[in-house]
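structure_16.txt (compact mmCIF, C-alpha atoms and all ligand atoms) appears below.
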# COMPACT_ATOMS: atom_id res chain seq x y z
CA MET A 1 18.34 10.75 13.62
CA LYS A 2 20.32 7.50 13.82
CA ILE A 3 18.43 4.56 12.25
CA ASN A 4 20.26 1.24 12.20
CA LYS A 5 17.34 -1.18 12.47
CA VAL A 6 13.66 -0.99 11.51
CA CYS A 7 10.73 -3.28 12.20
CA ILE A 8 8.30 -3.58 9.28
CA ILE A 9 4.73 -4.65 10.00
CA GLY A 10 3.06 -5.80 6.75
CA GLY A 11 6.53 -6.21 5.23
CA THR A 12 5.66 -9.47 3.48
CA GLY A 13 3.40 -7.77 0.91
CA PHE A 14 4.07 -6.16 -2.47
CA VAL A 15 5.51 -2.87 -1.14
CA GLY A 16 7.48 -4.64 1.60
CA HIS A 17 9.21 -6.87 -0.95
CA HIS A 18 10.49 -3.73 -2.70
CA LEU A 19 11.25 -1.73 0.44
CA ILE A 20 13.29 -4.35 2.30
CA PRO A 21 16.13 -4.66 -0.29
CA LYS A 22 16.28 -0.86 -0.46
CA LEU A 23 16.68 -0.59 3.31
CA ALA A 24 19.25 -3.42 3.31
CA ASN A 25 21.25 -1.65 0.57
CA ALA A 26 21.27 1.46 2.72
CA GLY A 27 22.80 -0.58 5.54
CA ILE A 28 19.61 -0.70 7.62
CA ALA A 29 18.77 -4.03 9.28
CA CYS A 30 15.13 -5.20 9.05
CA GLN A 31 13.02 -7.13 11.51
CA ILE A 32 10.00 -8.57 9.63
CA PRO A 33 7.28 -10.07 11.84
CA ALA A 34 5.03 -12.27 9.70
CA ARG A 35 2.04 -14.44 10.49
CA ARG A 36 3.35 -17.09 8.06
CA PRO A 37 7.14 -16.55 8.09
CA HIS A 38 7.88 -19.87 6.31
CA ARG A 39 6.33 -18.41 3.13
CA TYR A 40 8.72 -15.49 2.93
CA ARG A 41 12.15 -16.96 3.77
CA SER A 42 13.55 -15.42 0.54
CA LEU A 43 13.39 -12.00 2.26
CA GLU A 44 16.12 -13.17 4.62
CA VAL A 45 18.70 -13.19 1.81
CA GLN A 46 18.81 -9.43 2.31
CA GLN A 47 21.76 -8.45 4.49
CA GLY A 48 20.70 -7.98 8.13
CA CYS A 49 17.06 -9.04 7.61
CA GLU A 50 15.28 -11.41 9.94
CA LEU A 51 11.77 -12.87 9.76
CA THR A 52 10.04 -13.55 13.04
CA SER A 53 6.69 -15.09 13.86
CA LEU A 54 3.91 -12.54 14.46
CA GLU A 55 1.55 -14.06 17.02
CA SER A 56 -0.97 -11.21 17.06
CA LEU A 57 -1.41 -7.49 16.45
CA GLU A 58 -1.76 -6.82 20.21
CA VAL A 59 0.54 -4.32 21.93
CA GLU A 60 2.49 -6.90 23.97
CA SER A 61 3.18 -9.07 20.93
CA LEU A 62 4.20 -6.05 18.81
CA LYS A 63 6.53 -4.81 21.55
CA SER A 64 8.46 -8.07 21.50
CA HIS A 65 9.31 -7.39 17.83
CA PHE A 66 10.14 -3.69 18.28
CA ASP A 67 12.86 -4.41 20.84
CA GLY A 68 16.18 -2.99 19.59
CA CYS A 69 14.59 -1.19 16.61
CA ASP A 70 15.09 2.53 15.98
CA ALA A 71 12.03 2.83 13.73
CA VAL A 72 8.81 1.05 12.80
CA ILE A 73 7.19 1.01 9.36
CA ASN A 74 3.51 0.11 9.08
CA LEU A 75 2.53 -1.37 5.70
CA LEU A 76 -0.48 -3.33 6.96
CA GLY A 77 -3.50 -3.17 4.71
CA ILE A 78 -6.43 -5.07 3.23
CA LEU A 79 -8.57 -4.14 0.21
CA ASN A 80 -11.55 -6.23 1.29
CA GLU A 81 -12.95 -7.37 4.60
CA SER A 82 -13.36 -11.08 5.37
CA HIS A 83 -15.25 -13.01 8.06
CA ASN A 84 -12.23 -12.82 10.40
CA CYS A 85 -10.63 -9.52 9.41
CA SER A 86 -12.22 -6.04 9.23
CA PHE A 87 -11.00 -2.64 8.01
CA GLN A 88 -11.47 -1.37 11.58
CA GLU A 89 -9.13 -4.08 12.98
CA ILE A 90 -6.37 -3.68 10.38
CA HIS A 91 -6.44 0.02 9.46
CA VAL A 92 -7.54 1.53 12.78
CA GLU A 93 -7.03 -0.73 15.80
CA ALA A 94 -3.74 -2.23 14.57
CA ALA A 95 -2.44 1.28 13.75
CA GLU A 96 -3.35 2.41 17.27
CA LYS A 97 -1.62 -0.62 18.81
CA ILE A 98 1.49 -0.19 16.65
CA LEU A 99 1.75 3.43 17.80
CA GLU A 100 1.25 2.44 21.46
CA ALA A 101 3.79 -0.40 21.20
CA ALA A 102 6.30 2.01 19.61
CA ARG A 103 5.73 4.48 22.47
CA GLN A 104 6.22 1.81 25.13
CA SER A 105 9.31 0.40 23.36
CA ASP A 106 10.97 3.79 23.16
CA VAL A 107 10.94 3.71 19.34
CA LYS A 108 11.30 7.31 18.17
CA ARG A 109 10.36 7.03 14.49
CA LEU A 110 7.31 5.62 12.69
CA LEU A 111 6.38 5.64 8.98
CA HIS A 112 2.77 4.79 8.20
CA MET A 113 1.20 3.86 4.87
CA SER A 114 -2.23 5.36 4.24
CA ALA A 115 -3.89 5.88 0.83
CA LEU A 116 -4.86 8.76 -1.42
CA ASN A 117 -8.38 10.06 -0.60
CA ALA A 118 -8.28 8.44 2.88
CA ASP A 119 -10.74 10.49 4.92
CA GLU A 120 -12.21 9.50 8.30
CA SER A 121 -15.38 11.61 7.94
CA ASN A 122 -16.04 11.88 4.22
CA GLY A 123 -14.25 8.85 2.75
CA ALA A 124 -16.04 7.50 -0.33
CA SER A 125 -15.82 3.92 0.97
CA ASN A 126 -15.36 2.02 4.22
CA TYR A 127 -11.79 1.27 3.07
CA LEU A 128 -11.02 5.00 2.69
CA LYS A 129 -12.82 5.95 5.93
CA SER A 130 -10.85 3.38 7.93
CA LYS A 131 -7.57 4.39 6.26
CA GLY A 132 -8.39 8.02 7.17
CA LYS A 133 -9.14 7.12 10.78
CA GLY A 134 -5.84 5.21 11.09
CA GLU A 135 -3.90 8.08 9.55
CA ASN A 136 -5.54 10.65 11.85
CA LEU A 137 -4.47 8.56 14.87
CA MET A 138 -0.91 8.51 13.55
CA LEU A 139 -0.87 12.28 12.99
CA SER A 140 -2.57 13.21 16.28
CA PRO A 141 -0.64 15.64 18.49
CA ASP A 142 -0.28 13.05 21.30
CA THR A 143 2.08 10.56 19.65
CA GLY A 144 4.52 11.41 22.44
CA ALA A 145 8.17 11.02 21.54
CA VAL A 146 7.30 9.01 18.41
CA LYS A 147 7.83 11.12 15.28
CA VAL A 148 5.39 10.00 12.60
CA THR A 149 5.23 10.53 8.83
CA THR A 150 2.37 9.21 6.69
CA PHE A 151 2.16 8.46 2.95
CA ARG A 152 -0.88 8.59 0.69
CA PRO A 153 -0.15 6.87 -2.64
CA SER A 154 -2.38 6.54 -5.70
CA VAL A 155 -2.34 3.02 -7.10
CA ILE A 156 1.20 1.57 -7.00
CA PHE A 157 2.77 -0.32 -9.91
CA GLY A 158 5.93 -2.43 -10.21
CA ASP A 159 7.10 -6.04 -10.36
CA ASN A 160 4.52 -8.38 -8.80
CA ASP A 161 1.91 -5.65 -8.26
CA SER A 162 -1.73 -6.69 -8.17
CA PHE A 163 -2.98 -3.88 -10.43
CA ILE A 164 -1.17 -3.94 -13.79
CA ASN A 165 -0.59 -7.70 -13.52
CA ARG A 166 -4.24 -8.37 -12.76
CA PHE A 167 -5.46 -6.57 -15.89
CA ALA A 168 -2.68 -8.18 -17.93
CA GLN A 169 -4.13 -11.57 -16.87
CA LEU A 170 -7.74 -10.55 -17.52
CA LEU A 171 -6.76 -9.44 -21.01
CA MET A 172 -5.66 -13.01 -21.80
CA ILE A 173 -9.22 -14.35 -21.27
CA PRO A 174 -10.94 -14.77 -24.67
CA GLY A 175 -13.74 -12.36 -25.58
CA PRO A 176 -14.31 -8.67 -24.85
CA LEU A 177 -13.36 -7.30 -21.42
CA PRO A 178 -16.22 -5.60 -19.56
CA LEU A 179 -14.61 -2.89 -17.42
CA ALA A 180 -16.38 -1.38 -14.40
CA CYS A 181 -15.62 2.24 -13.41
CA ALA A 182 -13.75 2.71 -16.70
CA ASP A 183 -13.65 6.51 -16.19
CA ALA A 184 -12.02 6.29 -12.73
CA LYS A 185 -8.85 8.37 -12.71
CA PHE A 186 -5.45 7.31 -11.36
CA SER A 187 -1.92 8.69 -11.28
CA PRO A 188 -0.09 5.34 -10.95
CA VAL A 189 3.07 5.71 -8.90
CA TYR A 190 6.12 3.45 -9.28
CA VAL A 191 6.89 1.29 -6.25
CA GLY A 192 10.58 2.27 -6.55
CA ASP A 193 9.56 5.92 -6.03
CA VAL A 194 7.32 5.00 -3.08
CA THR A 195 10.14 3.11 -1.36
CA ALA A 196 12.56 5.96 -2.17
CA ALA A 197 10.14 8.33 -0.39
CA PHE A 198 10.12 6.06 2.69
CA LEU A 199 13.92 5.87 2.76
CA LYS A 200 14.28 9.63 2.26
CA ALA A 201 11.81 10.46 5.03
CA LEU A 202 13.15 7.94 7.54
CA ARG A 203 15.99 10.12 8.81
CA ASP A 204 14.70 13.52 7.68
CA SER A 205 13.35 15.55 10.61
CA SER A 206 11.62 18.02 8.27
CA THR A 207 9.09 15.23 7.47
CA PHE A 208 8.06 14.66 11.12
CA GLY A 209 4.30 15.04 11.64
CA LYS A 210 3.66 15.41 7.91
CA SER A 211 1.69 13.51 5.30
CA TYR A 212 2.87 13.04 1.70
CA GLU A 213 0.67 12.26 -1.29
CA LEU A 214 2.52 10.08 -3.81
CA CYS A 215 1.65 10.11 -7.51
CA GLY A 216 3.19 9.25 -10.85
CA PRO A 217 3.71 11.84 -13.59
CA ARG A 218 0.61 10.91 -15.64
CA THR A 219 -3.11 10.78 -14.91
CA LEU A 220 -5.05 8.18 -16.87
CA THR A 221 -8.52 6.67 -16.74
CA LEU A 222 -8.83 2.98 -15.92
CA GLN A 223 -9.88 2.37 -19.54
CA GLU A 224 -6.72 4.11 -20.80
CA ILE A 225 -4.55 2.07 -18.43
CA VAL A 226 -6.10 -1.24 -19.55
CA GLU A 227 -5.73 -0.26 -23.23
CA TYR A 228 -2.11 0.69 -22.54
CA ILE A 229 -1.48 -2.77 -21.02
CA ALA A 230 -3.21 -4.43 -24.00
CA GLN A 231 -1.00 -2.49 -26.41
CA ILE A 232 2.17 -3.55 -24.56
CA LYS A 233 1.02 -7.18 -24.47
CA GLY A 234 0.12 -7.00 -28.17
CA VAL A 235 -3.43 -8.10 -27.35
CA HIS A 236 -6.19 -6.92 -29.70
CA LYS A 237 -9.32 -6.92 -27.63
CA SER A 238 -12.27 -4.64 -27.11
CA VAL A 239 -12.39 -3.16 -23.62
CA ILE A 240 -15.99 -2.24 -22.95
CA GLY A 241 -16.35 0.53 -20.37
CA LEU A 242 -19.46 -0.23 -18.30
CA GLY A 243 -21.89 2.51 -17.29
CA ASP A 244 -22.74 3.16 -13.67
CA THR A 245 -25.60 0.66 -13.35
CA MET A 246 -23.62 -2.17 -14.94
CA SER A 247 -20.52 -1.29 -12.85
CA ARG A 248 -22.58 -1.59 -9.67
CA LEU A 249 -24.08 -4.86 -10.87
CA GLN A 250 -20.60 -6.26 -11.60
CA ALA A 251 -19.46 -5.21 -8.10
CA LYS A 252 -22.49 -6.89 -6.51
CA ILE A 253 -21.86 -10.16 -8.37
CA LEU A 254 -18.06 -10.28 -8.04
CA GLY A 255 -18.31 -9.16 -4.41
CA VAL A 256 -19.90 -12.47 -3.40
CA MET A 257 -17.55 -14.63 -5.45
CA PRO A 258 -14.56 -16.42 -3.85
CA GLY A 259 -11.66 -14.01 -3.35
CA LYS A 260 -14.02 -11.03 -3.90
CA PRO A 261 -12.34 -9.78 -7.10
CA PHE A 262 -14.37 -6.50 -7.07
CA THR A 263 -16.78 -5.29 -4.37
CA MET A 264 -19.25 -2.44 -3.80
CA ASP A 265 -16.69 -0.95 -1.41
CA ASN A 266 -14.04 -1.03 -4.19
CA TYR A 267 -16.63 0.57 -6.50
CA ASN A 268 -17.21 3.33 -3.93
CA SER A 269 -13.44 3.96 -3.59
CA LEU A 270 -13.26 4.48 -7.36
CA GLN A 271 -15.84 7.27 -7.31
CA LEU A 272 -13.12 9.80 -6.42
CA PRO A 273 -10.17 10.53 -8.72
CA SER A 274 -7.02 9.00 -7.22
CA VAL A 275 -4.85 11.99 -8.13
CA CYS A 276 -2.58 14.21 -6.03
CA THR A 277 -3.16 17.80 -5.00
CA HIS A 278 0.52 18.23 -4.05
CA ASN A 279 2.83 15.46 -5.16
CA GLY A 280 4.97 14.50 -2.16
CA LEU A 281 7.58 12.95 -4.45
CA GLN A 282 8.46 16.44 -5.67
CA GLN A 283 8.52 17.75 -2.09
CA LEU A 284 10.97 14.96 -1.21
CA GLY A 285 13.15 15.66 -4.27
CA ILE A 286 12.24 12.41 -6.05
CA LYS A 287 11.54 12.46 -9.81
CA ALA A 288 8.39 10.45 -10.55
CA THR A 289 8.99 7.50 -12.89
CA ASP A 290 6.72 7.11 -15.90
CA MET A 291 4.98 3.80 -16.59
CA ASP A 292 6.78 3.67 -19.96
CA ALA A 293 10.08 3.22 -18.13
CA ILE A 294 8.87 0.16 -16.20
CA VAL A 295 5.71 -1.52 -17.50
CA PRO A 296 6.93 -2.79 -20.92
CA GLN A 297 9.85 -4.60 -19.25
CA MET A 298 7.67 -5.76 -16.37
CA LEU A 299 5.13 -7.38 -18.69
CA GLY A 300 7.77 -8.58 -21.14
N1 LIG B 401 -0.62 -1.46 -3.63
C1 LIG B 401 -1.26 -0.33 -3.86
O1 LIG B 401 -1.58 0.03 -5.01
C2 LIG B 401 -1.60 0.58 -2.69
C3 LIG B 401 -2.21 1.82 -2.96
C4 LIG B 401 -2.52 2.65 -1.89
C5 LIG B 401 -2.21 2.26 -0.58
N2 LIG B 401 -1.63 1.06 -0.37
C6 LIG B 401 -1.32 0.66 1.01
O2 LIG B 401 0.05 0.30 1.08
C7 LIG B 401 0.25 -0.71 2.08
C8 LIG B 401 1.01 -1.87 1.48
O3 LIG B 401 0.30 -2.30 0.34
P1 LIG B 401 0.69 -3.65 -0.42
O4 LIG B 401 0.26 -3.47 -1.83
O5 LIG B 401 2.09 -4.03 -0.10
O6 LIG B 401 -0.32 -4.66 0.29
P2 LIG B 401 -0.25 -6.27 0.34
O7 LIG B 401 0.67 -6.79 -0.70
O8 LIG B 401 -1.65 -6.75 0.35
O9 LIG B 401 0.43 -6.54 1.77
C9 LIG B 401 -0.31 -6.33 2.94
C10 LIG B 401 0.48 -6.75 4.14
O10 LIG B 401 -0.39 -6.71 5.28
C11 LIG B 401 -0.34 -7.98 5.95
N3 LIG B 401 -1.65 -8.31 6.55
C12 LIG B 401 -2.88 -8.21 5.99
N4 LIG B 401 -3.81 -8.64 6.86
C13 LIG B 401 -3.16 -9.01 7.99
C14 LIG B 401 -3.56 -9.56 9.25
N5 LIG B 401 -4.84 -9.80 9.53
N6 LIG B 401 -2.61 -9.83 10.18
C15 LIG B 401 -1.32 -9.60 9.91
N7 LIG B 401 -0.86 -9.10 8.74
C16 LIG B 401 -1.77 -8.81 7.79
C17 LIG B 401 0.01 -8.98 4.86
O11 LIG B 401 0.54 -10.15 5.48
P3 LIG B 401 0.50 -11.59 4.75
O12 LIG B 401 1.68 -11.58 3.80
O13 LIG B 401 0.63 -12.55 5.85
O14 LIG B 401 -0.81 -11.68 4.02
C18 LIG B 401 1.04 -8.18 4.07
O15 LIG B 401 2.29 -8.23 4.71
C19 LIG B 401 -1.15 -1.05 2.59
O16 LIG B 401 -1.40 -0.29 3.74
C20 LIG B 401 -2.07 -0.57 1.47
O17 LIG B 401 -3.35 -0.23 1.94
C21 LIG B 401 -1.31 0.20 -1.39

Please lay out the structure from this file as structure tokens.
Amino acid sequence: MKINKVCIIGGTGFVGHHLIPKLANAGIACQIPARRPHRYRSLEVQQGCELTSLESLEVESLKSHFDGCDAVINLLGILNESHNCSFQEIHVEAAEKILEAARQSDVKRLLHMSALNADESNGASNYLKSKGKGENLMLSPDTGAVKVTTFRPSVIFGDNDSFINRFAQLLMIPGPLPLACADAKFSPVYVGDVTAAFLKALRDSSTFGKSYELCGPRTLTLQEIVEYIAQIKGVHKSVIGLGDTMSRLQAKILGVMPGKPFTMDNYNSLQLPSVCTHNGLQQLGIKATDMDAIVPQMLG
């Protein structure tokens, strides 16, 4: 399949900032619709990349950005709902409209970012249910001529992530660190491996209609990850794993604070281990990168 130009929806986020240079290096031009393009002008230094103004997530508006593109990549996502933005709008309705706009624009290829444990019927949280619903739409048999591949990563780490960096910041606050859901399990996956999976799948017809779980080589509890970050930062601090009642209480309190640092829905997502059954990186011939190869330098 010939892919010379892709349109990336949600390209201004953490994953997009890593994916765009990789696409540009592979000689693929990028169209990046953004609701606040002025904030992300640095992305345009990448060869062949252009930021455009995204007026809305409606089909007609999306179509105007898909013109001339061979593929669309959907990286849209939110971790928490706000008064003007719901999981249903971003993970379900926008996915449906992106697929419809791709169909109407004669775009033949679509890559869609879901999440590990996304499940429309049995998702542990509203986030995971909505991610599951969006992914099911993308993998339905009636996508027409649009060939879709979906990805289900565990938590993603790398430069400017909001996971490792967030705990690195929290560890700098004086006093012990009370940690909710300390036993939650993750297989953190390197953003460079995630973007390699996208690039690999883009032109590979054997990935059409398939979904790939993406995990790193190690499974750790949240407590182990935070202690690992503390060790790298040289911070001596006690990390106090909270029991279930205290974890819920923390979620209830932080969930009503500005920026919602941790909500009941986040708590619910963490009740399932974020680990792969079949690691798609292996299926795609990509060797998973260990945190040791990246995190010390990243935090240094
Ligand atoms: N990071 C992880 O650990 C992780 C793990 C599993 C799955 N995922 C999934 O991977 C995808 C990319 O994640 P990420 O970490 O790159 O997320 P991110 O940094 O939060 O970026 C999200 C993107 O979605 C856009 N967006 C959000 N709400 C929007 C709205 N109402 N209208 C238009 N655009 C909107 C953002 O645009 P603005 O720049 O304008 O805000 C940004 O481009 C998401 O689907 C996420 O659910 C991520």

Range 114-130 of chain A surroundings by all atoms listed in the file, 8 Å radius, close-in-sequence under 2 positions cut, as a PyMOL selection string: chain A and resi 79-80+87-88+91-92+112+132-136+150-154+213-214+265-266+268-269+271-272+274-276

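Pocket residues of ligand LIG 401 (chain B), taken as those with any atom at most 6 Å away using all atoms listed in the file, are A:Gly10, A:Gly11, A:Thr12, A:Gly13, A:Phe14, A:Val15, A:Gly16, A:Ala34, A:Arg35, A:Arg36, A:Leu75, A:Leu76, A:Gly77, A:Ile78, A:Cys85, A:Met113, A:Ser114, A:Ala115, A:Pro153, A:Ser154, A:Val155, A:Ile156.
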
Please measure the separation of CA of Val6 in chain A and CA of Met138 in chain A, giving the value in Å to one decimal.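 Those two atoms sit 17.5 Å apart.
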
Could you pull the residues within 9 Å of Arg41 in chain A, counting only C-alpha atoms, minus those fewer than 3 positions along the same chain, as a list in words? Pro37, His38, Glu44, Val45, Glu50 and Leu51 of chain A

Among the residues A:Ala180, A:Ile229, A:Leu110, A:Ala288, the one that comes closest to Leu199 in chain A [using all atoms listed in the file]: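 Distance minimum relative to Leu199 in chain A lands on A:Leu110.
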
How would you write as a PyMOL selection string the residues that get within 6 Å of (-7.2, 9.2, -15.8) in the file's frame, counting only C-alpha atoms? chain A and resi 185-186+219-221

Find the residues with any atom within 10 Å of (7.3, -3.4, 18.9); use only C-alpha atoms and the coordinates as given in the file, and write the answer as a ChimeraX atom specification. /A:7-9,33,57-69,71-72,97-107

Determine the nearest neighbour of Ile3 in chain A from the options A:Met246, A:Thr52, A:Tyr190, A:Arg109, counting all atoms listed in the file. A:Arg109

With distances taken over all atoms listed in the file, which residue among A:Thr289, A:Leu177, A:Met298, A:Arg203 lies nearest Lys233 in chain A?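 Smallest separation from Lys233 in chain A among the options: A:Met298.
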
What are the nearest atom pairs, with distances in Å to one decimal, for all residues of range 188-218 of chain A that come at most 12 Å from range 23-30 of chain A, using only C-alpha atoms, set out by chain and rising residue number as JSON lines?
{"residue": "A:Gly192", "atom": "CA", "partner": "A:Leu23", "partner_atom": "CA", "distance": 11.9}
{"residue": "A:Thr195", "atom": "CA", "partner": "A:Leu23", "partner_atom": "CA", "distance": 8.8}
{"residue": "A:Ala196", "atom": "CA", "partner": "A:Leu23", "partner_atom": "CA", "distance": 9.5}
{"residue": "A:Ala197", "atom": "CA", "partner": "A:Leu23", "partner_atom": "CA", "distance": 11.7}
{"residue": "A:Phe198", "atom": "CA", "partner": "A:Leu23", "partner_atom": "CA", "distance": 9.4}
{"residue": "A:Leu199", "atom": "CA", "partner": "A:Leu23", "partner_atom": "CA", "distance": 7.0}
{"residue": "A:Lys200", "atom": "CA", "partner": "A:Leu23", "partner_atom": "CA", "distance": 10.6}
{"residue": "A:Leu202", "atom": "CA", "partner": "A:Leu23", "partner_atom": "CA", "distance": 10.2}
{"residue": "A:Arg203", "atom": "CA", "partner": "A:Ile28", "partner_atom": "CA", "distance": 11.5}
